[in-house]
Amino acid sequence: MKDYLVRGLVNSKNCRVFACKTTNLVDEARKHHNLWPTASAAIGRMMSATLMMAKMNKNQEKMTVVINGGGPIGTMMTVTNGDGNIKGFVANPEVHYTYNDTGHLAVGVAVGTQGTLQVIRDMGLKEPFCGTVPLQTGEIGDDFSYYFMASEQTPSVVSVGVLVDETNEILSSGGFIIQLLPEATEEDISYIEEKIKDFPAVSSLIHEGKTPEEILKMIFDDVEITDRQDLFFTCDCSREKMINALSTIGKQELQNMIDEDHGCELSCQFCNKKYQFSEEELKEIKNRL
């Protein structure tokens with residue numbers, strides 16, 4: 001089953017909902033970055049949350065999310081244009097921790113809590129909107145919940161999860177978000193709290209074959225699905241973009257590459273694709289400056 005996302009409304013409980021399956025795109029990211037299991041879980045949760053957050057706005061806008069909690073995984077970044085395509089990376093992909101008591105992947109340990117979650121929305125205005133909150137647990141879902149409350153004043157339930165096989169393959173990935181509307185009552189809040197209290201792990205439900213729609217219907221019988229979008233891990237890097245990057249480093253640095261290395265190799269941080277530039281090509285770039 002391909003990856004996709006749904007958006008919906010629950011009028012009886014005054015909330016809007018989002019759910020997604022991201023198994024294939026997270027496995028694609030794993031292959032590109034040679035991710036170890038806990039790194040896969042961290043970036044997978046982050047990509048699911050980013051895709052759902054991007055779908056909250058009807059206008060397609062570039063959204064970049066950056067998390068750095070001071071943990072061994074380092075900086076993590078995800079980027080989407082709200083069109084269902086996403087790319088992302090972790091600074092240190094070779095990270096694997098588990099909790100001794102449960103054996104579950106210890107994403108919070110890998111990410112850390114001494115840092116921030118930052119959301120940058122580029123809406124085509126002069127300056128992009130930037131919201132930053134301190135990390136709460138490093139487990140990703142809790143941190144996005146806190147972001148919605150602290151930065152956007154929107155009480156939200158964020159559940160994201162990734163199930164990784166012993167061979168490092170991604171067995172399942174996805175999540176859901178419930179956001180209260182301004183009209184929400186205490187009864188609505190109590191209903192959601194009660195439903196979520198012992199709700200199964202979203203990664204387990206997806207692994208069992210549950211669709212995003214079915215997961216939402218487990219919580220709300222009367223959910224109305226209003227939109228659907230296919231999802232993909234896609235990198236938009238190109239040789240032209242690499243040339244533009246080389247053009248920014250200055251003539252002297254280019255000359256050093258020509259004299260010392262007789263060329264260079266650039267690697268895209270989002271997909272690890274490598275681009276080779278010969279000595280002659282570097283000379284052409286330098287002469288254009």
# chains A, B, ... in the order shown; residues from 1 in each chain; ligands from 1
$ select_by_dssp --residues "stretch 7-97 of chain A" --states "strand (DSSP E)" --output "VMD selection string"
chain A and resid 7 to 10 15 to 21 62 to 68 76 to 80 85 to 90
$ residues_around --residues "A:Gly74" --least-positions-apart "3" --cutoff "12 Å" --atoms "only C-alpha atoms" --output "PDB file with N, CA, C and O atoms, in the first residue's frame"
ATOM      1  N   ALA A  39      17.869   6.094  14.634  1.00  0.00           N
ATOM      2  CA  ALA A  39      17.905   7.249  13.734  1.00  0.00           C
ATOM      3  C   ALA A  39      16.734   7.196  12.760  1.00  0.00           C
ATOM      4  O   ALA A  39      16.110   8.224  12.456  1.00  0.00           O
ATOM      5  N   ALA A  42      13.614   8.285  14.643  1.00  0.00           N
ATOM      6  CA  ALA A  42      13.598   9.722  14.928  1.00  0.00           C
ATOM      7  C   ALA A  42      13.202  10.537  13.697  1.00  0.00           C
ATOM      8  O   ALA A  42      12.274  11.352  13.739  1.00  0.00           O
ATOM      9  N   ILE A  43      13.889  10.304  12.579  1.00  0.00           N
ATOM     10  CA  ILE A  43      13.586  11.096  11.383  1.00  0.00           C
ATOM     11  C   ILE A  43      12.228  10.682  10.795  1.00  0.00           C
ATOM     12  O   ILE A  43      11.508  11.514  10.228  1.00  0.00           O
ATOM     13  N   VAL A  66      13.456  21.979  12.065  1.00  0.00           N
ATOM     14  CA  VAL A  66      14.802  21.655  12.540  1.00  0.00           C
ATOM     15  C   VAL A  66      14.737  21.299  14.024  1.00  0.00           C
ATOM     16  O   VAL A  66      14.152  22.035  14.818  1.00  0.00           O
ATOM     17  N   ILE A  67      15.291  20.159  14.369  1.00  0.00           N
ATOM     18  CA  ILE A  67      15.364  19.738  15.773  1.00  0.00           C
ATOM     19  C   ILE A  67      16.824  19.471  16.122  1.00  0.00           C
ATOM     20  O   ILE A  67      17.524  18.754  15.406  1.00  0.00           O
ATOM     21  N   ASN A  68      17.269  20.058  17.211  1.00  0.00           N
ATOM     22  CA  ASN A  68      18.583  19.723  17.766  1.00  0.00           C
ATOM     23  C   ASN A  68      18.461  19.736  19.278  1.00  0.00           C
ATOM     24  O   ASN A  68      18.265  20.781  19.880  1.00  0.00           O
ATOM     25  N   GLY A  69      18.529  18.567  19.872  1.00  0.00           N
ATOM     26  CA  GLY A  69      18.356  18.450  21.316  1.00  0.00           C
ATOM     27  C   GLY A  69      19.642  18.210  22.071  1.00  0.00           C
ATOM     28  O   GLY A  69      19.620  17.897  23.263  1.00  0.00           O
ATOM     29  N   GLY A  70      20.783  18.331  21.369  1.00  0.00           N
ATOM     30  CA  GLY A  70      22.063  18.123  22.039  1.00  0.00           C
ATOM     31  C   GLY A  70      22.430  16.668  22.218  1.00  0.00           C
ATOM     32  O   GLY A  70      23.451  16.346  22.833  1.00  0.00           O
ATOM     33  N   GLY A  71      21.610  15.754  21.692  1.00  0.00           N
ATOM     34  CA  GLY A  71      21.897  14.323  21.818  1.00  0.00           C
ATOM     35  C   GLY A  71      22.837  13.835  20.726  1.00  0.00           C
ATOM     36  O   GLY A  71      23.236  14.582  19.833  1.00  0.00           O
ATOM     37  N   MET A  77      16.699  17.587  10.180  1.00  0.00           N
ATOM     38  CA  MET A  77      15.957  18.566   9.391  1.00  0.00           C
ATOM     39  C   MET A  77      15.022  17.861   8.423  1.00  0.00           C
ATOM     40  O   MET A  77      15.388  16.860   7.811  1.00  0.00           O
ATOM     41  N   PHE A  89      17.187  14.774   6.739  1.00  0.00           N
ATOM     42  CA  PHE A  89      18.454  14.121   7.090  1.00  0.00           C
ATOM     43  C   PHE A  89      18.709  14.235   8.589  1.00  0.00           C
ATOM     44  O   PHE A  89      18.093  15.062   9.281  1.00  0.00           O
ATOM     45  N   VAL A  90      19.576  13.373   9.071  1.00  0.00           N
ATOM     46  CA  VAL A  90      20.083  13.477  10.441  1.00  0.00           C
ATOM     47  C   VAL A  90      21.594  13.630  10.353  1.00  0.00           C
ATOM     48  O   VAL A  90      22.234  13.066   9.462  1.00  0.00           O
ATOM     49  N   ALA A  91      22.167  14.411  11.271  1.00  0.00           N
ATOM     50  CA  ALA A  91      23.611  14.664  11.231  1.00  0.00           C
ATOM     51  C   ALA A  91      24.402  13.380  11.455  1.00  0.00           C
ATOM     52  O   ALA A  91      25.405  13.132  10.799  1.00  0.00           O
ATOM     53  N   ASN A  92      23.947  12.549  12.388  1.00  0.00           N
ATOM     54  CA  ASN A  92      24.634  11.294  12.661  1.00  0.00           C
ATOM     55  C   ASN A  92      23.655  10.133  12.479  1.00  0.00           C
ATOM     56  O   ASN A  92      22.866   9.828  13.372  1.00  0.00           O
ATOM     57  N   PRO A  93      23.689   9.468  11.325  1.00  0.00           N
ATOM     58  CA  PRO A  93      22.728   8.380  11.063  1.00  0.00           C
ATOM     59  C   PRO A  93      23.037   7.090  11.819  1.00  0.00           C
ATOM     60  O   PRO A  93      22.169   6.240  11.960  1.00  0.00           O
ATOM     61  N   GLU A  94      24.256   6.958  12.323  1.00  0.00           N
ATOM     62  CA  GLU A  94      24.660   5.702  12.978  1.00  0.00           C
ATOM     63  C   GLU A  94      24.401   5.780  14.482  1.00  0.00           C
ATOM     64  O   GLU A  94      25.329   5.758  15.307  1.00  0.00           O
ATOM     65  N   VAL A  95      23.110   5.864  14.826  1.00  0.00           N
ATOM     66  CA  VAL A  95      22.694   5.974  16.227  1.00  0.00           C
ATOM     67  C   VAL A  95      21.673   4.886  16.524  1.00  0.00           C
ATOM     68  O   VAL A  95      20.704   4.722  15.779  1.00  0.00           O
ATOM     69  N   VAL A 109      16.529   9.547  23.947  1.00  0.00           N
ATOM     70  CA  VAL A 109      17.953   9.511  24.320  1.00  0.00           C
ATOM     71  C   VAL A 109      18.807   9.961  23.149  1.00  0.00           C
ATOM     72  O   VAL A 109      19.766  10.731  23.312  1.00  0.00           O
ATOM     73  N   ALA A 110      18.478   9.497  21.958  1.00  0.00           N
ATOM     74  CA  ALA A 110      19.253   9.855  20.760  1.00  0.00           C
ATOM     75  C   ALA A 110      19.138  11.341  20.434  1.00  0.00           C
ATOM     76  O   ALA A 110      20.115  11.998  20.072  1.00  0.00           O
ATOM     77  N   VAL A 111      17.915  11.882  20.575  1.00  0.00           N
ATOM     78  CA  VAL A 111      17.678  13.287  20.221  1.00  0.00           C
ATOM     79  C   VAL A 111      18.149  14.227  21.319  1.00  0.00           C
ATOM     80  O   VAL A 111      18.772  15.265  21.051  1.00  0.00           O
ATOM     81  N   GLY A 112      17.865  13.888  22.577  1.00  0.00           N
ATOM     82  CA  GLY A 112      18.201  14.769  23.687  1.00  0.00           C
ATOM     83  C   GLY A 112      17.098  15.778  23.958  1.00  0.00           C
ATOM     84  O   GLY A 112      16.131  15.898  23.193  1.00  0.00           O
ATOM     85  N   THR A 113      17.234  16.517  25.046  1.00  0.00           N
ATOM     86  CA  THR A 113      16.216  17.512  25.430  1.00  0.00           C
ATOM     87  C   THR A 113      16.810  18.897  25.652  1.00  0.00           C
ATOM     88  O   THR A 113      16.090  19.825  26.009  1.00  0.00           O
ATOM     89  N   GLN A 114      18.101  19.032  25.460  1.00  0.00           N
ATOM     90  CA  GLN A 114      18.747  20.331  25.687  1.00  0.00           C
ATOM     91  C   GLN A 114      18.841  21.109  24.374  1.00  0.00           C
ATOM     92  O   GLN A 114      19.930  21.356  23.850  1.00  0.00           O
ATOM     93  N   GLY A 115      17.683  21.459  23.847  1.00  0.00           N
ATOM     94  CA  GLY A 115      17.688  22.161  22.567  1.00  0.00           C
ATOM     95  C   GLY A 115      16.300  22.606  22.179  1.00  0.00           C
ATOM     96  O   GLY A 115      15.417  22.765  23.032  1.00  0.00           O
ATOM     97  N   THR A 116      16.079  22.744  20.875  1.00  0.00           N
ATOM     98  CA  THR A 116      14.826  23.339  20.403  1.00  0.00           C
ATOM     99  C   THR A 116      14.227  22.591  19.210  1.00  0.00           C
ATOM    100  O   THR A 116      14.920  21.854  18.507  1.00  0.00           O
ATOM    101  N   GLY A 138      12.155  14.970  23.515  1.00  0.00           N
ATOM    102  CA  GLY A 138      12.966  14.439  22.427  1.00  0.00           C
ATOM    103  C   GLY A 138      12.315  13.262  21.721  1.00  0.00           C
ATOM    104  O   GLY A 138      12.884  12.694  20.789  1.00  0.00           O
TER     105      GLY A 138
END
$ closest_residue --among "A:Met149, A:Glu280, A:Lys21, A:Leu117" --to "A:Gln136" --atoms "only C-alpha atoms"
A:Leu117
$ closest_residue --among "A:Ile192, A:Val133, A:Leu266, A:Leu216" --to "A:Val17" --atoms "only C-alpha atoms"
A:Leu216
$ residues_around --residues "stretch 1-16 of chain A" --least-positions-apart "2" --cutoff "6 Å" --atoms "only C-alpha atoms" --output "JSON, numbers by chain"
{"A": [18, 19, 20, 21, 22, 179, 180, 181, 184, 188, 223, 224, 225, 226, 227, 228, 229, 230, 231]}
$ write_last_selection --atoms "N, CA, C and O atoms" --output "PDB file, in the first residue's frame"
ATOM      1  N   PHE A  18      -5.856  14.649  11.311  1.00  0.00           N
ATOM      2  CA  PHE A  18      -4.944  14.299  10.228  1.00  0.00           C
ATOM      3  C   PHE A  18      -4.367  12.913  10.550  1.00  0.00           C
ATOM      4  O   PHE A  18      -4.150  12.583  11.717  1.00  0.00           O
ATOM      5  N   ALA A  19      -4.140  12.112   9.530  1.00  0.00           N
ATOM      6  CA  ALA A  19      -3.498  10.816   9.734  1.00  0.00           C
ATOM      7  C   ALA A  19      -2.708  10.463   8.487  1.00  0.00           C
ATOM      8  O   ALA A  19      -3.076  10.851   7.368  1.00  0.00           O
ATOM      9  N   CYS A  20      -1.599   9.735   8.661  1.00  0.00           N
ATOM     10  CA  CYS A  20      -0.772   9.394   7.502  1.00  0.00           C
ATOM     11  C   CYS A  20      -0.088   8.043   7.685  1.00  0.00           C
ATOM     12  O   CYS A  20       0.122   7.581   8.807  1.00  0.00           O
ATOM     13  N   LYS A  21       0.208   7.440   6.555  1.00  0.00           N
ATOM     14  CA  LYS A  21       1.078   6.259   6.486  1.00  0.00           C
ATOM     15  C   LYS A  21       2.317   6.681   5.716  1.00  0.00           C
ATOM     16  O   LYS A  21       2.223   7.213   4.604  1.00  0.00           O
ATOM     17  N   THR A  22       3.498   6.468   6.310  1.00  0.00           N
ATOM     18  CA  THR A  22       4.749   6.942   5.699  1.00  0.00           C
ATOM     19  C   THR A  22       5.815   5.840   5.624  1.00  0.00           C
ATOM     20  O   THR A  22       7.001   6.127   5.536  1.00  0.00           O
ATOM     21  N   GLN A 179      -6.596  18.094  16.570  1.00  0.00           N
ATOM     22  CA  GLN A 179      -6.510  19.488  17.009  1.00  0.00           C
ATOM     23  C   GLN A 179      -7.891  20.018  17.375  1.00  0.00           C
ATOM     24  O   GLN A 179      -8.822  19.956  16.569  1.00  0.00           O
ATOM     25  N   LEU A 180      -7.996  20.560  18.582  1.00  0.00           N
ATOM     26  CA  LEU A 180      -9.264  21.125  19.028  1.00  0.00           C
ATOM     27  C   LEU A 180      -9.543  22.437  18.312  1.00  0.00           C
ATOM     28  O   LEU A 180      -8.643  23.257  18.112  1.00  0.00           O
ATOM     29  N   LEU A 181     -10.792  22.622  17.921  1.00  0.00           N
ATOM     30  CA  LEU A 181     -11.238  23.888  17.343  1.00  0.00           C
ATOM     31  C   LEU A 181     -11.670  24.819  18.480  1.00  0.00           C
ATOM     32  O   LEU A 181     -11.931  24.365  19.610  1.00  0.00           O
ATOM     33  N   ALA A 184     -14.533  23.900  20.926  1.00  0.00           N
ATOM     34  CA  ALA A 184     -14.458  22.659  21.712  1.00  0.00           C
ATOM     35  C   ALA A 184     -14.904  22.884  23.156  1.00  0.00           C
ATOM     36  O   ALA A 184     -14.571  23.893  23.775  1.00  0.00           O
ATOM     37  N   ASP A 188     -15.895  17.534  24.974  1.00  0.00           N
ATOM     38  CA  ASP A 188     -15.085  17.117  23.816  1.00  0.00           C
ATOM     39  C   ASP A 188     -13.685  16.724  24.264  1.00  0.00           C
ATOM     40  O   ASP A 188     -13.139  15.690  23.841  1.00  0.00           O
ATOM     41  N   VAL A 223     -16.053  10.639  11.836  1.00  0.00           N
ATOM     42  CA  VAL A 223     -15.061  11.494  11.171  1.00  0.00           C
ATOM     43  C   VAL A 223     -15.408  11.637   9.690  1.00  0.00           C
ATOM     44  O   VAL A 223     -15.781  10.678   9.028  1.00  0.00           O
ATOM     45  N   GLU A 224     -15.298  12.858   9.193  1.00  0.00           N
ATOM     46  CA  GLU A 224     -15.556  13.144   7.779  1.00  0.00           C
ATOM     47  C   GLU A 224     -14.222  13.464   7.096  1.00  0.00           C
ATOM     48  O   GLU A 224     -13.571  14.456   7.423  1.00  0.00           O
ATOM     49  N   ILE A 225     -13.778  12.606   6.193  1.00  0.00           N
ATOM     50  CA  ILE A 225     -12.516  12.817   5.479  1.00  0.00           C
ATOM     51  C   ILE A 225     -12.745  13.851   4.376  1.00  0.00           C
ATOM     52  O   ILE A 225     -13.623  13.682   3.526  1.00  0.00           O
ATOM     53  N   THR A 226     -11.966  14.918   4.403  1.00  0.00           N
ATOM     54  CA  THR A 226     -12.167  16.022   3.454  1.00  0.00           C
ATOM     55  C   THR A 226     -11.077  16.123   2.398  1.00  0.00           C
ATOM     56  O   THR A 226     -11.253  16.814   1.394  1.00  0.00           O
ATOM     57  N   ASP A 227      -9.952  15.445   2.616  1.00  0.00           N
ATOM     58  CA  ASP A 227      -8.845  15.572   1.656  1.00  0.00           C
ATOM     59  C   ASP A 227      -7.921  14.367   1.772  1.00  0.00           C
ATOM     60  O   ASP A 227      -7.803  13.759   2.845  1.00  0.00           O
ATOM     61  N   ARG A 228      -7.255  14.052   0.672  1.00  0.00           N
ATOM     62  CA  ARG A 228      -6.302  12.930   0.626  1.00  0.00           C
ATOM     63  C   ARG A 228      -5.110  13.322  -0.235  1.00  0.00           C
ATOM     64  O   ARG A 228      -5.283  13.988  -1.250  1.00  0.00           O
ATOM     65  N   GLN A 229      -3.916  12.909   0.159  1.00  0.00           N
ATOM     66  CA  GLN A 229      -2.712  13.298  -0.583  1.00  0.00           C
ATOM     67  C   GLN A 229      -1.686  12.168  -0.539  1.00  0.00           C
ATOM     68  O   GLN A 229      -1.390  11.623   0.530  1.00  0.00           O
ATOM     69  N   ASP A 230      -1.142  11.801  -1.708  1.00  0.00           N
ATOM     70  CA  ASP A 230      -0.076  10.799  -1.751  1.00  0.00           C
ATOM     71  C   ASP A 230       1.228  11.418  -1.251  1.00  0.00           C
ATOM     72  O   ASP A 230       1.469  12.621  -1.430  1.00  0.00           O
ATOM     73  N   LEU A 231       2.079  10.581  -0.641  1.00  0.00           N
ATOM     74  CA  LEU A 231       3.315  11.055  -0.013  1.00  0.00           C
ATOM     75  C   LEU A 231       4.534  10.336  -0.581  1.00  0.00           C
ATOM     76  O   LEU A 231       4.481   9.136  -0.853  1.00  0.00           O
TER      77      LEU A 231
END
$ select_by_dssp --residues "stretch 180-276 of chain A" --states "alpha helix (DSSP H)" --output "short mmCIF file (atom, residue, chain, number, x, y, z; two decimals) with C-alpha atoms, in the first residue's frame"
data_model
loop_
_atom_site.label_atom_id
_atom_site.label_comp_id
_atom_site.auth_asym_id
_atom_site.auth_seq_id
_atom_site.Cartn_x
_atom_site.Cartn_y
_atom_site.Cartn_z
CA GLU A 186 -14.94 20.26 28.22
CA GLU A 187 -16.96 17.22 27.14
CA ASP A 188 -15.09 17.12 23.82
CA ILE A 189 -11.76 17.28 25.62
CA SER A 190 -12.76 14.55 28.08
CA TYR A 191 -13.90 12.26 25.23
CA ILE A 192 -10.58 12.65 23.38
CA GLU A 193 -8.51 12.17 26.54
CA GLU A 194 -10.40 8.97 27.37
CA LYS A 195 -10.03 7.59 23.83
CA ILE A 196 -6.31 8.33 23.64
CA LYS A 197 -5.43 7.10 27.15
CA VAL A 202 0.10 3.93 15.73
CA SER A 203 3.05 2.05 14.19
CA SER A 204 1.55 -1.27 15.38
CA LEU A 205 -1.83 -0.41 13.88
CA ILE A 206 -0.25 0.43 10.51
CA HIS A 207 1.80 -2.79 10.67
CA PRO A 212 -5.11 6.22 8.12
CA GLU A 213 -8.91 6.44 7.75
CA GLU A 214 -9.47 3.32 9.85
CA ILE A 215 -7.19 4.63 12.61
CA LEU A 216 -9.17 7.87 12.80
CA LYS A 217 -12.45 5.91 12.86
CA MET A 218 -11.19 3.94 15.86
CA ILE A 219 -11.26 7.27 17.73
CA ARG A 239 23.86 19.73 -10.81
CA GLU A 240 22.71 23.32 -11.38
CA LYS A 241 22.09 23.83 -7.67
CA MET A 242 25.54 22.46 -6.88
CA ILE A 243 27.08 24.90 -9.38
CA ASN A 244 25.21 27.72 -7.64
CA ALA A 245 26.61 26.53 -4.31
CA LEU A 246 30.15 26.50 -5.68
CA SER A 247 29.61 30.01 -7.02
CA LYS A 251 37.33 32.78 -6.33
CA GLN A 252 40.15 32.01 -3.89
CA GLU A 253 38.51 28.88 -2.52
CA LEU A 254 37.77 27.67 -6.05
CA GLN A 255 41.39 28.30 -7.02
CA ASN A 256 42.53 26.26 -4.01
#
$ closest_residue --among "A:Glu139, A:Glu61, A:Asp83, A:Glu284" --to "A:Phe233" --atoms "only C-alpha atoms"
A:Asp83
$ residues_around --residues "stretch 268-271 of chain A" --least-positions-apart "5" --cutoff "7 Å" --atoms "only C-alpha atoms" --output "PyMOL selection string"
chain A and resi 32-33+87-89+235+237
$ write_last_selection --atoms "N, CA, C and O atoms" --output "tab-separated table (two decimals), in the first residue's frame"
chain	number	residue	atom	x	y	z
A	32	HIS	N	18.85	5.89	1.66
A	32	HIS	CA	19.70	6.99	1.20
A	32	HIS	C	20.76	7.35	2.24
A	32	HIS	O	21.89	7.70	1.89
A	33	HIS	N	20.39	7.30	3.53
A	33	HIS	CA	21.28	7.79	4.58
A	33	HIS	C	21.93	6.68	5.40
A	33	HIS	O	22.66	6.98	6.35
A	87	LYS	N	11.81	15.70	2.14
A	87	LYS	CA	13.19	15.24	2.23
A	87	LYS	C	13.67	15.55	3.65
A	87	LYS	O	13.09	16.38	4.35
A	88	GLY	N	14.71	14.87	4.07
A	88	GLY	CA	15.21	15.11	5.42
A	88	GLY	C	16.52	14.39	5.66
A	88	GLY	O	16.93	13.53	4.88
A	89	PHE	N	17.19	14.77	6.74
A	89	PHE	CA	18.45	14.12	7.09
A	89	PHE	C	18.71	14.24	8.59
A	89	PHE	O	18.09	15.06	9.28
A	235	CYS	N	14.00	14.18	-3.35
A	235	CYS	CA	15.01	15.24	-3.23
A	235	CYS	C	15.08	16.00	-4.55
A	235	CYS	O	15.10	15.40	-5.62
A	237	CYS	N	17.55	18.03	-5.47
A	237	CYS	CA	18.91	18.49	-5.76
A	237	CYS	C	19.20	18.33	-7.26
A	237	CYS	O	18.56	17.54	-7.95
$ residues_around --residues "stretch 273-279 of chain A" --least-positions-apart "3" --cutoff "7 Å" --atoms "only C-alpha atoms" --output "PyMOL selection string"
chain A and resi 239+258+262-268+282-283
$ atom_distance --atom1 "atom CA of A:His104" --atom2 "atom CA of A:Asp143"
18.5 Å
$ atom_distance --atom1 "atom CA of A:Lys210" --atom2 "atom CA of A:Ile140"
22.2 Å
$ residues_around --residues "A:Ile170" --least-positions-apart "2" --cutoff "9 Å" --atoms "only C-alpha atoms" --output "PyMOL selection string"
chain A and resi 23-24+26-27+30+37+40-41+162-165+167-168+172-173
$ closest_residue --among "A:Ile285, A:Asp236, A:Asp221, A:Thr102" --to "A:Ile249" --atoms "only C-alpha atoms"
A:Ile285
$ decode --residues "stretch 8-33 of chain A" --atoms "N, CA and C atoms" --output "compact mmCIF listing (two decimals), in the first residue's frame"
# COMPACT_ATOMS: atom_id res chain seq x y z
N GLY A 8 -9.35 15.55 7.93
CA GLY A 8 -10.78 15.42 8.17
C GLY A 8 -11.29 16.30 9.28
N LEU A 9 -12.61 16.26 9.46
CA LEU A 9 -13.29 17.02 10.51
C LEU A 9 -14.16 16.09 11.33
N VAL A 10 -14.27 16.38 12.62
CA VAL A 10 -15.21 15.68 13.50
C VAL A 10 -16.09 16.76 14.12
N ASN A 11 -17.19 17.06 13.47
CA ASN A 11 -18.05 18.16 13.91
C ASN A 11 -18.64 17.92 15.28
N SER A 12 -18.94 16.66 15.59
CA SER A 12 -19.58 16.35 16.88
C SER A 12 -18.64 16.58 18.06
N LYS A 13 -17.33 16.55 17.80
CA LYS A 13 -16.35 16.75 18.88
C LYS A 13 -15.51 18.01 18.66
N ASN A 14 -15.91 18.84 17.71
CA ASN A 14 -15.26 20.14 17.48
C ASN A 14 -13.74 20.03 17.34
N CYS A 15 -13.30 19.17 16.42
CA CYS A 15 -11.86 19.04 16.20
C CYS A 15 -11.59 18.72 14.73
N ARG A 16 -10.38 19.00 14.32
CA ARG A 16 -9.93 18.58 12.99
C ARG A 16 -8.85 17.53 13.18
N VAL A 17 -8.73 16.63 12.21
CA VAL A 17 -7.84 15.48 12.37
C VAL A 17 -7.01 15.25 11.10
N PHE A 18 -5.86 14.65 11.31
CA PHE A 18 -4.94 14.30 10.23
C PHE A 18 -4.37 12.91 10.55
N ALA A 19 -4.14 12.11 9.53
CA ALA A 19 -3.50 10.82 9.73
C ALA A 19 -2.71 10.46 8.49
N CYS A 20 -1.60 9.73 8.66
CA CYS A 20 -0.77 9.39 7.50
C CYS A 20 -0.09 8.04 7.68
N LYS A 21 0.21 7.44 6.55
CA LYS A 21 1.08 6.26 6.49
C LYS A 21 2.32 6.68 5.72
N THR A 22 3.50 6.47 6.31
CA THR A 22 4.75 6.94 5.70
C THR A 22 5.81 5.84 5.62
N THR A 23 5.39 4.59 5.64
CA THR A 23 6.33 3.46 5.69
C THR A 23 7.34 3.48 4.56
N ASN A 24 6.87 3.65 3.33
CA ASN A 24 7.76 3.55 2.16
C ASN A 24 8.75 4.71 2.10
N LEU A 25 8.27 5.92 2.39
CA LEU A 25 9.17 7.07 2.27
C LEU A 25 10.22 7.07 3.37
N VAL A 26 9.87 6.57 4.56
CA VAL A 26 10.87 6.48 5.63
C VAL A 26 11.91 5.42 5.29
N ASP A 27 11.46 4.31 4.68
CA ASP A 27 12.43 3.28 4.27
C ASP A 27 13.34 3.82 3.16
N GLU A 28 12.77 4.67 2.30
CA GLU A 28 13.58 5.31 1.26
C GLU A 28 14.65 6.20 1.89
N ALA A 29 14.27 6.96 2.90
CA ALA A 29 15.23 7.80 3.62
C ALA A 29 16.30 6.94 4.29
N ARG A 30 15.87 5.81 4.86
CA ARG A 30 16.83 4.91 5.51
C ARG A 30 17.91 4.43 4.54
N LYS A 31 17.47 4.08 3.33
CA LYS A 31 18.42 3.58 2.32
C LYS A 31 19.38 4.68 1.88
N HIS A 32 18.85 5.89 1.66
CA HIS A 32 19.70 6.99 1.20
C HIS A 32 20.76 7.35 2.24
N HIS A 33 20.39 7.30 3.53
CA HIS A 33 21.28 7.79 4.58
C HIS A 33 21.93 6.68 5.40
